[in-house]
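Asker: Structure provided below as structure tokens; questions to follow.
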Amino acid sequence: MTGRVLLLLGTRKGAYVLEADGAGRADRASWIVRGPLFEPWPINVFRQDPATGVLYAGGGNPWYGAAVWRSPDLGDTWSHSSAGLTYGEGGPAVRAVWQITPAHGALYAGVEPAGLFRSEDGGETWRHIEGLTNHPTRPTWQPGAGGLICHTVLSDPDDPSRMWVAISAVGCFATEDGGRTWDARNRGVRADFMPDPYPETGQCVHKMVLAPGARDRLYQQNHCGTYRTDDGGRTWICLDEGLPSTFGFPVVAHPRDADTIFTIPLNGADRGRVMPDGKAAVWRTTDAGRSWTALRDGLPQANAFVGVLRDAMATDPLEPFGIYFGTSTGQVYASADEGETWGRIADLLPPIHSVATAIVAA
């Protein structure tokens, strides 16, 4: 696969598109920056539907509420809509869109306060998936530090009836009937801040990803550890051994290898939430979490007191694949060799909420 790489960045102050030839992914001089888009909206998710090539962005504005933007021409023109992003009369106002997931010809949006919506018309209109909001545990749901947010939406690539969502600070839920009913799936995941450290719900999952080619394997980075499930979330295995911290936000999977993931541990929930000891590193496992290696070459190893948020790391599908992350202080780092070496490709951007990639014809 060849082509140009688009790096789609959602930030606290609009969105940006970085573009470079695939061969120059780690070379700062190769990247062209476009933006900002959607001023002054905070953008929480910015991604492409690989099936159609359409770009989607989602966010929320304190005055105007939640909205989804759509571009069929790689960002030359945009339309936006919030039609149907509502809990109805008497329900809470939808404040922001935090995730957009294309799946099996539809779009799913995870929102704040936590809920899930579906669009059949490319984001023009939305329908509330009531089965999740009406889960029996709903009266006990509590927000995390960033709010009560449905921030991760995952769909089984082979079975549209199977989905998983992650809600902060509530946990993982799964459906196997297209969203009519949902199960809480948090067994084995700690909630160290709760009186019962293993409750049915109340875990602060920060991010989840599907493992490629392994139907029931998922990984999650949690407020209290890093985990793997091999049974669709019914039980989780802790993968903390070998990591410098149990706390972090992002986790991404290798595009082709179910045993390889990447995460960025931070120094702790109550210690600044920055790189441990001011030394930047991305941590990789190639054996499904049994052991970990720190990838540091090209990353700052002194005074790097930066954080990385839950959606601010991504891979591309090239060979070798690239991996990217953006910081809460506006830097973007890239690796063109699967994390072995790194370069800073952008700086002086607003705090980065999300990073995603798209490959377009050269």
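Lettering and numbering for the structure tokens are positional, with chains as A, B, ... in the shown order, residues counted from 1 in each chain, and ligands counted from 1 in the shown order.
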Give me, as CSV, the closest atom pair and its distance (Å, one decimal) for every residue of stretch 234-291 of chain A within a cut-off of 12 Å of stretch 295-310 of chain A, counting only C-alpha atoms, rows sorted by chain and rising number.

Answerer:
```
residue,atom,partner,partner_atom,distance
A:Phe247,CA,A:Gly307,CA,11.5
A:Gly248,CA,A:Arg310,CA,8.1
A:Phe249,CA,A:Arg310,CA,4.4
A:Pro250,CA,A:Arg310,CA,4.2
A:Val251,CA,A:Arg310,CA,7.5
A:Val252,CA,A:Arg310,CA,9.8
A:Phe262,CA,A:Leu295,CA,9.7
A:Thr263,CA,A:Arg310,CA,9.9
A:Ile264,CA,A:Val308,CA,7.4
A:Pro265,CA,A:Val308,CA,9.0
A:Leu266,CA,A:Gly307,CA,7.1
A:Asn267,CA,A:Gly307,CA,9.4
A:Gly268,CA,A:Gly307,CA,10.8
A:Ala269,CA,A:Gly307,CA,11.4
A:Arg271,CA,A:Phe305,CA,11.2
A:Gly272,CA,A:Phe305,CA,8.6
A:Arg273,CA,A:Gly307,CA,6.1
A:Val274,CA,A:Gly307,CA,4.6
A:Met275,CA,A:Phe305,CA,5.7
A:Pro276,CA,A:Phe305,CA,8.0
A:Asp277,CA,A:Asn303,CA,7.9
A:Gly278,CA,A:Ala304,CA,4.3
A:Lys279,CA,A:Gln301,CA,4.1
A:Ala280,CA,A:Pro300,CA,5.7
A:Ala281,CA,A:Arg296,CA,4.9
A:Val282,CA,A:Leu295,CA,5.2
A:Trp283,CA,A:Leu295,CA,5.9
A:Arg284,CA,A:Leu295,CA,7.2
A:Thr285,CA,A:Leu295,CA,10.5
```

Asker: For the residues selected in the previous step, produce a file with N, CA and C atoms as a tab-separated table (two decimals), in the first residue's frame.

Answerer:
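And here's result-v4.tsv as it stands now:
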```tsv
chain	number	residue	atom	x	y	z
A	247	PHE	N	-1.27	3.71	35.44
A	247	PHE	CA	-2.15	4.78	34.98
A	247	PHE	C	-1.71	5.28	33.61
A	248	GLY	N	-2.66	5.46	32.71
A	248	GLY	CA	-2.41	6.03	31.40
A	248	GLY	C	-3.72	6.17	30.67
A	249	PHE	N	-3.67	6.75	29.49
A	249	PHE	CA	-4.90	6.95	28.72
A	249	PHE	C	-4.94	6.16	27.41
A	250	PRO	N	-4.01	6.34	26.47
A	250	PRO	CA	-4.20	5.71	25.16
A	250	PRO	C	-3.72	4.27	25.11
A	251	VAL	N	-4.30	3.51	24.21
A	251	VAL	CA	-3.79	2.20	23.82
A	251	VAL	C	-4.18	2.00	22.36
A	252	VAL	N	-3.22	1.52	21.54
A	252	VAL	CA	-3.50	1.22	20.14
A	252	VAL	C	-2.95	-0.16	19.81
A	262	PHE	N	0.43	-0.90	21.90
A	262	PHE	CA	1.25	0.20	22.38
A	262	PHE	C	0.44	1.01	23.38
A	263	THR	N	1.10	1.50	24.44
A	263	THR	CA	0.44	2.38	25.39
A	263	THR	C	1.45	3.40	25.89
A	264	ILE	N	0.96	4.43	26.55
A	264	ILE	CA	1.82	5.49	27.09
A	264	ILE	C	1.48	5.66	28.56
A	265	PRO	N	2.21	4.99	29.45
A	265	PRO	CA	1.96	5.17	30.88
A	265	PRO	C	2.31	6.59	31.32
A	266	LEU	N	1.49	7.12	32.22
A	266	LEU	CA	1.77	8.41	32.86
A	266	LEU	C	2.07	8.16	34.33
A	267	ASN	N	2.49	9.20	35.03
A	267	ASN	CA	3.06	8.96	36.36
A	267	ASN	C	2.02	8.76	37.45
A	268	GLY	N	0.73	8.90	37.15
A	268	GLY	CA	-0.27	8.60	38.14
A	268	GLY	C	-1.40	9.60	38.15
A	269	ALA	N	-2.57	9.17	38.62
A	269	ALA	CA	-3.75	10.03	38.62
A	269	ALA	C	-3.59	11.24	39.50
A	271	ARG	N	-0.49	12.59	40.45
A	271	ARG	CA	0.88	13.07	40.40
A	271	ARG	C	1.17	13.88	39.14
A	272	GLY	N	0.16	14.50	38.57
A	272	GLY	CA	0.39	15.37	37.43
A	272	GLY	C	-0.01	14.80	36.10
A	273	ARG	N	-0.10	13.45	35.98
A	273	ARG	CA	-0.53	12.79	34.74
A	273	ARG	C	0.39	13.17	33.58
A	274	VAL	N	1.69	13.04	33.81
A	274	VAL	CA	2.70	13.35	32.80
A	274	VAL	C	3.64	12.15	32.65
A	275	MET	N	4.54	12.23	31.65
A	275	MET	CA	5.50	11.15	31.42
A	275	MET	C	6.34	10.92	32.68
A	276	PRO	N	6.51	9.68	33.13
A	276	PRO	CA	7.29	9.40	34.34
A	276	PRO	C	8.71	9.97	34.23
A	277	ASP	N	9.12	10.70	35.27
A	277	ASP	CA	10.47	11.27	35.37
A	277	ASP	C	10.78	12.25	34.24
A	278	GLY	N	9.77	12.72	33.53
A	278	GLY	CA	10.01	13.66	32.45
A	278	GLY	C	10.71	13.04	31.26
A	279	LYS	N	10.64	11.71	31.12
A	279	LYS	CA	11.29	11.00	30.02
A	279	LYS	C	10.21	10.36	29.15
A	280	ALA	N	10.10	10.83	27.92
A	280	ALA	CA	9.03	10.37	27.04
A	280	ALA	C	9.30	8.96	26.54
A	281	ALA	N	8.26	8.14	26.52
A	281	ALA	CA	8.39	6.77	26.02
A	281	ALA	C	7.02	6.24	25.61
A	282	VAL	N	7.03	5.44	24.57
A	282	VAL	CA	5.88	4.61	24.20
A	282	VAL	C	6.26	3.18	24.55
A	283	TRP	N	5.37	2.47	25.23
A	283	TRP	CA	5.66	1.11	25.67
A	283	TRP	C	4.94	0.12	24.77
A	284	ARG	N	5.65	-0.93	24.39
A	284	ARG	CA	5.14	-1.93	23.44
A	284	ARG	C	5.25	-3.33	24.04
A	285	THR	N	4.20	-4.12	23.79
A	285	THR	CA	4.28	-5.56	24.04
A	285	THR	C	4.08	-6.28	22.72
```

Asker: Sorted by chain and rising residue number, list the residues of stretch 56-154 of chain A at most 12 Å from stretch 170-175 of chain A (counting only C-alpha atoms), each with its closest atom pair and distance in Å to one decimal, as JSON lines.

Answerer:
```
{"residue": "A:Pro113", "atom": "CA", "partner": "A:Val170", "partner_atom": "CA", "distance": 11.8}
{"residue": "A:Ala114", "atom": "CA", "partner": "A:Val170", "partner_atom": "CA", "distance": 9.4}
{"residue": "A:Gly115", "atom": "CA", "partner": "A:Phe173", "partner_atom": "CA", "distance": 11.4}
{"residue": "A:Leu116", "atom": "CA", "partner": "A:Phe173", "partner_atom": "CA", "distance": 11.5}
{"residue": "A:Ile129", "atom": "CA", "partner": "A:Thr175", "partner_atom": "CA", "distance": 11.4}
{"residue": "A:Gly131", "atom": "CA", "partner": "A:Thr175", "partner_atom": "CA", "distance": 9.3}
{"residue": "A:Leu132", "atom": "CA", "partner": "A:Phe173", "partner_atom": "CA", "distance": 8.2}
{"residue": "A:Thr133", "atom": "CA", "partner": "A:Phe173", "partner_atom": "CA", "distance": 11.1}
{"residue": "A:His135", "atom": "CA", "partner": "A:Phe173", "partner_atom": "CA", "distance": 9.7}
{"residue": "A:Thr137", "atom": "CA", "partner": "A:Val170", "partner_atom": "CA", "distance": 9.4}
{"residue": "A:Arg138", "atom": "CA", "partner": "A:Val170", "partner_atom": "CA", "distance": 9.2}
{"residue": "A:Pro139", "atom": "CA", "partner": "A:Val170", "partner_atom": "CA", "distance": 11.1}
{"residue": "A:Thr140", "atom": "CA", "partner": "A:Val170", "partner_atom": "CA", "distance": 8.7}
{"residue": "A:Trp141", "atom": "CA", "partner": "A:Val170", "partner_atom": "CA", "distance": 5.9}
{"residue": "A:Gln142", "atom": "CA", "partner": "A:Val170", "partner_atom": "CA", "distance": 6.7}
{"residue": "A:Pro143", "atom": "CA", "partner": "A:Val170", "partner_atom": "CA", "distance": 7.6}
{"residue": "A:Gly144", "atom": "CA", "partner": "A:Val170", "partner_atom": "CA", "distance": 8.3}
{"residue": "A:Gly147", "atom": "CA", "partner": "A:Val170", "partner_atom": "CA", "distance": 10.8}
{"residue": "A:Leu148", "atom": "CA", "partner": "A:Val170", "partner_atom": "CA", "distance": 8.2}
{"residue": "A:Ile149", "atom": "CA", "partner": "A:Val170", "partner_atom": "CA", "distance": 9.0}
{"residue": "A:Cys150", "atom": "CA", "partner": "A:Val170", "partner_atom": "CA", "distance": 9.2}
{"residue": "A:His151", "atom": "CA", "partner": "A:Cys172", "partner_atom": "CA", "distance": 10.7}
{"residue": "A:Thr152", "atom": "CA", "partner": "A:Cys172", "partner_atom": "CA", "distance": 9.2}
{"residue": "A:Val153", "atom": "CA", "partner": "A:Phe173", "partner_atom": "CA", "distance": 9.9}
{"residue": "A:Leu154", "atom": "CA", "partner": "A:Ala174", "partner_atom": "CA", "distance": 9.3}
```

Asker: Write a file of the just-selected residues containing C-alpha atoms, as a short mmCIF file (atom, residue, chain, number, x, y, z; two decimals), in the first residue's frame.

Answerer:
```
data_model
loop_
_atom_site.label_atom_id
_atom_site.label_comp_id
_atom_site.auth_asym_id
_atom_site.auth_seq_id
_atom_site.Cartn_x
_atom_site.Cartn_y
_atom_site.Cartn_z
CA PRO A 113 -23.62 12.54 29.07
CA ALA A 114 -22.96 8.90 28.31
CA GLY A 115 -25.07 7.38 25.56
CA LEU A 116 -24.94 5.95 22.07
CA ILE A 129 -29.91 3.58 21.11
CA GLY A 131 -30.88 -0.09 25.36
CA LEU A 132 -27.57 1.23 26.68
CA THR A 133 -29.02 4.27 28.44
CA HIS A 135 -29.26 -0.43 31.47
CA THR A 137 -27.11 0.08 36.49
CA ARG A 138 -27.73 3.52 34.93
CA PRO A 139 -28.84 5.19 38.20
CA THR A 140 -25.42 4.41 39.71
CA TRP A 141 -23.30 5.81 36.86
CA GLN A 142 -20.89 8.51 37.97
CA PRO A 143 -18.63 10.78 35.88
CA GLY A 144 -14.87 10.61 35.78
CA GLY A 147 -17.28 13.88 32.68
CA LEU A 148 -19.74 11.02 32.12
CA ILE A 149 -18.57 10.14 28.61
CA CYS A 150 -19.15 7.29 26.16
CA HIS A 151 -15.74 7.69 24.53
CA THR A 152 -15.07 4.33 22.83
CA VAL A 153 -17.34 2.50 20.40
CA LEU A 154 -16.10 -0.76 18.84
#
```

Asker: Near A:Ala346, counting only C-alpha atoms, which residues have an atom at most 8 Å away, once you skip same-chain residues fewer than 4 positions from it, shown as a list in words?

Answerer: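 Neighbouring residues, sequence-local ones excluded: Arg28, Gly330, Gln331, Val332 and Tyr333 of chain A.
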
Asker: Output C-alpha atoms for every residue in that selection, as a PDB file, in the first residue's frame.

Answerer:
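For reference, part.pdb as written:
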```pdb
ATOM      1  CA  ARG A  28       9.074  17.258  10.045  1.00  0.00           C
ATOM      2  CA  GLY A 330       0.429  20.605  21.287  1.00  0.00           C
ATOM      3  CA  GLN A 331       3.353  18.512  20.028  1.00  0.00           C
ATOM      4  CA  VAL A 332       2.987  15.656  17.524  1.00  0.00           C
ATOM      5  CA  TYR A 333       5.496  12.790  17.305  1.00  0.00           C
TER       6      TYR A 333
END
```

Asker: Write out as a PyMOL selection string the set of residues from stretch 69-106 of chain A that DSSP, computed on the backbone, places in strand (DSSP E).

Answerer: chain A and resi 69-71+79-81+96-103+106

Asker: Any idea what's packed within 12 Å of stretch 231-235 of chain A, counting only C-alpha atoms, ignoring anything in its chain fewer than 3 positions away? Could you give it as a PyMOL selection string?

Answerer: chain A and resi 154-156+162-166+171-176+183-190+198+200+208-211+214-220+227-228+238

Asker: Which residues are near A:Leu243? Cut-off 8 Å, only C-alpha atoms, ignore same chain within fewer than 2 positions. Put them as a count of residues only.

Answerer: 7

Asker: In stretch 69-313 of chain A, what's alpha helix (DSSP H) per DSSP? Answer as a count of residues only?

Answerer: 4

Asker: Find the spatial neighbours of A:Ala145, counting only C-alpha atoms, within a cut-off of 10 Å - ignore same-chain residues fewer than 5 positions away - and output them as a PyMOL selection string.

Answerer: chain A and resi 168-169+204

Asker: Would you write out those residues with C-alpha atoms, as an mmCIF file, in the first residue's frame?

Answerer:
```
data_model
loop_
_atom_site.group_PDB
_atom_site.id
_atom_site.type_symbol
_atom_site.label_atom_id
_atom_site.label_comp_id
_atom_site.auth_asym_id
_atom_site.auth_seq_id
_atom_site.Cartn_x
_atom_site.Cartn_y
_atom_site.Cartn_z
ATOM 1 C CA SER A 168 -15.851 6.853 32.005
ATOM 2 C CA ALA A 169 -16.189 6.250 34.899
ATOM 3 C CA CYS A 204 -12.799 4.115 34.921
#
```

Asker: By how many Å are atom CA of A:Glu338 and atom CA of A:Pro244 apart?

Answerer: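 Atom-to-atom, atom CA of A:Glu338 and atom CA of A:Pro244 are spaced 21.1 Å apart.
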
Asker: Atom CA of A:Gly242 and atom CA of A:Gly289, how far apart in Å?

Answerer: 9.0 Å

Asker: Which residues of stretch 247-359 of chain A sit at most 9 Å from stretch 43-59 of chain A, using only C-alpha atoms? Give each one's shortest atom pair and distance in Å (one decimal place), in chain and ascending residue order, as CSV.

Answerer:
```
residue,atom,partner,partner_atom,distance
A:Asp311,CA,A:Val45,CA,7.8
A:Ile352,CA,A:Asn44,CA,8.7
A:His353,CA,A:Asn44,CA,5.5
A:Ser354,CA,A:Val45,CA,5.6
A:Val355,CA,A:Phe46,CA,7.3
A:Ala356,CA,A:Arg47,CA,5.6
A:Thr357,CA,A:Arg47,CA,7.0
A:Ala358,CA,A:Gln48,CA,6.3
A:Ile359,CA,A:Pro50,CA,8.8
```

Asker: Given the selection you just returned, output its residues as a file containing N, CA and C atoms, formatted as a PDB file, in the first residue's frame.

Answerer:
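As written to disk, again-v1.pdb reads:
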```
ATOM      1  N   ASP A 311      -7.507   9.386  23.085  1.00  0.00           N
ATOM      2  CA  ASP A 311      -7.611   9.145  21.646  1.00  0.00           C
ATOM      3  C   ASP A 311      -6.458   9.753  20.865  1.00  0.00           C
ATOM      4  N   ILE A 352      -4.079  18.517  22.174  1.00  0.00           N
ATOM      5  CA  ILE A 352      -4.569  17.554  21.193  1.00  0.00           C
ATOM      6  C   ILE A 352      -5.454  16.511  21.878  1.00  0.00           C
ATOM      7  N   HIS A 353      -6.695  16.433  21.421  1.00  0.00           N
ATOM      8  CA  HIS A 353      -7.671  15.477  21.954  1.00  0.00           C
ATOM      9  C   HIS A 353      -7.624  14.143  21.234  1.00  0.00           C
ATOM     10  N   SER A 354      -7.416  14.155  19.909  1.00  0.00           N
ATOM     11  CA  SER A 354      -7.519  12.907  19.157  1.00  0.00           C
ATOM     12  C   SER A 354      -6.570  12.938  17.962  1.00  0.00           C
ATOM     13  N   VAL A 355      -6.115  11.735  17.589  1.00  0.00           N
ATOM     14  CA  VAL A 355      -5.250  11.537  16.424  1.00  0.00           C
ATOM     15  C   VAL A 355      -5.810  10.339  15.654  1.00  0.00           C
ATOM     16  N   ALA A 356      -5.959  10.495  14.356  1.00  0.00           N
ATOM     17  CA  ALA A 356      -6.359   9.378  13.482  1.00  0.00           C
ATOM     18  C   ALA A 356      -5.640   9.536  12.153  1.00  0.00           C
ATOM     19  N   THR A 357      -5.583   8.449  11.388  1.00  0.00           N
ATOM     20  CA  THR A 357      -4.878   8.477  10.105  1.00  0.00           C
ATOM     21  C   THR A 357      -5.812   8.101   8.972  1.00  0.00           C
ATOM     22  N   ALA A 358      -5.446   8.575   7.788  1.00  0.00           N
ATOM     23  CA  ALA A 358      -6.114   8.174   6.550  1.00  0.00           C
ATOM     24  C   ALA A 358      -5.048   8.116   5.463  1.00  0.00           C
ATOM     25  N   ILE A 359      -5.182   7.183   4.531  1.00  0.00           N
ATOM     26  CA  ILE A 359      -4.260   7.053   3.407  1.00  0.00           C
ATOM     27  C   ILE A 359      -5.033   7.437   2.137  1.00  0.00           C
TER      28      ILE A 359
END
```

Asker: Ranking A:Gly110, A:Thr329, A:Leu37, A:Ala258 by minimum distance to A:Trp78 and counting only C-alpha atoms, which one comes first?

Answerer: A:Leu37
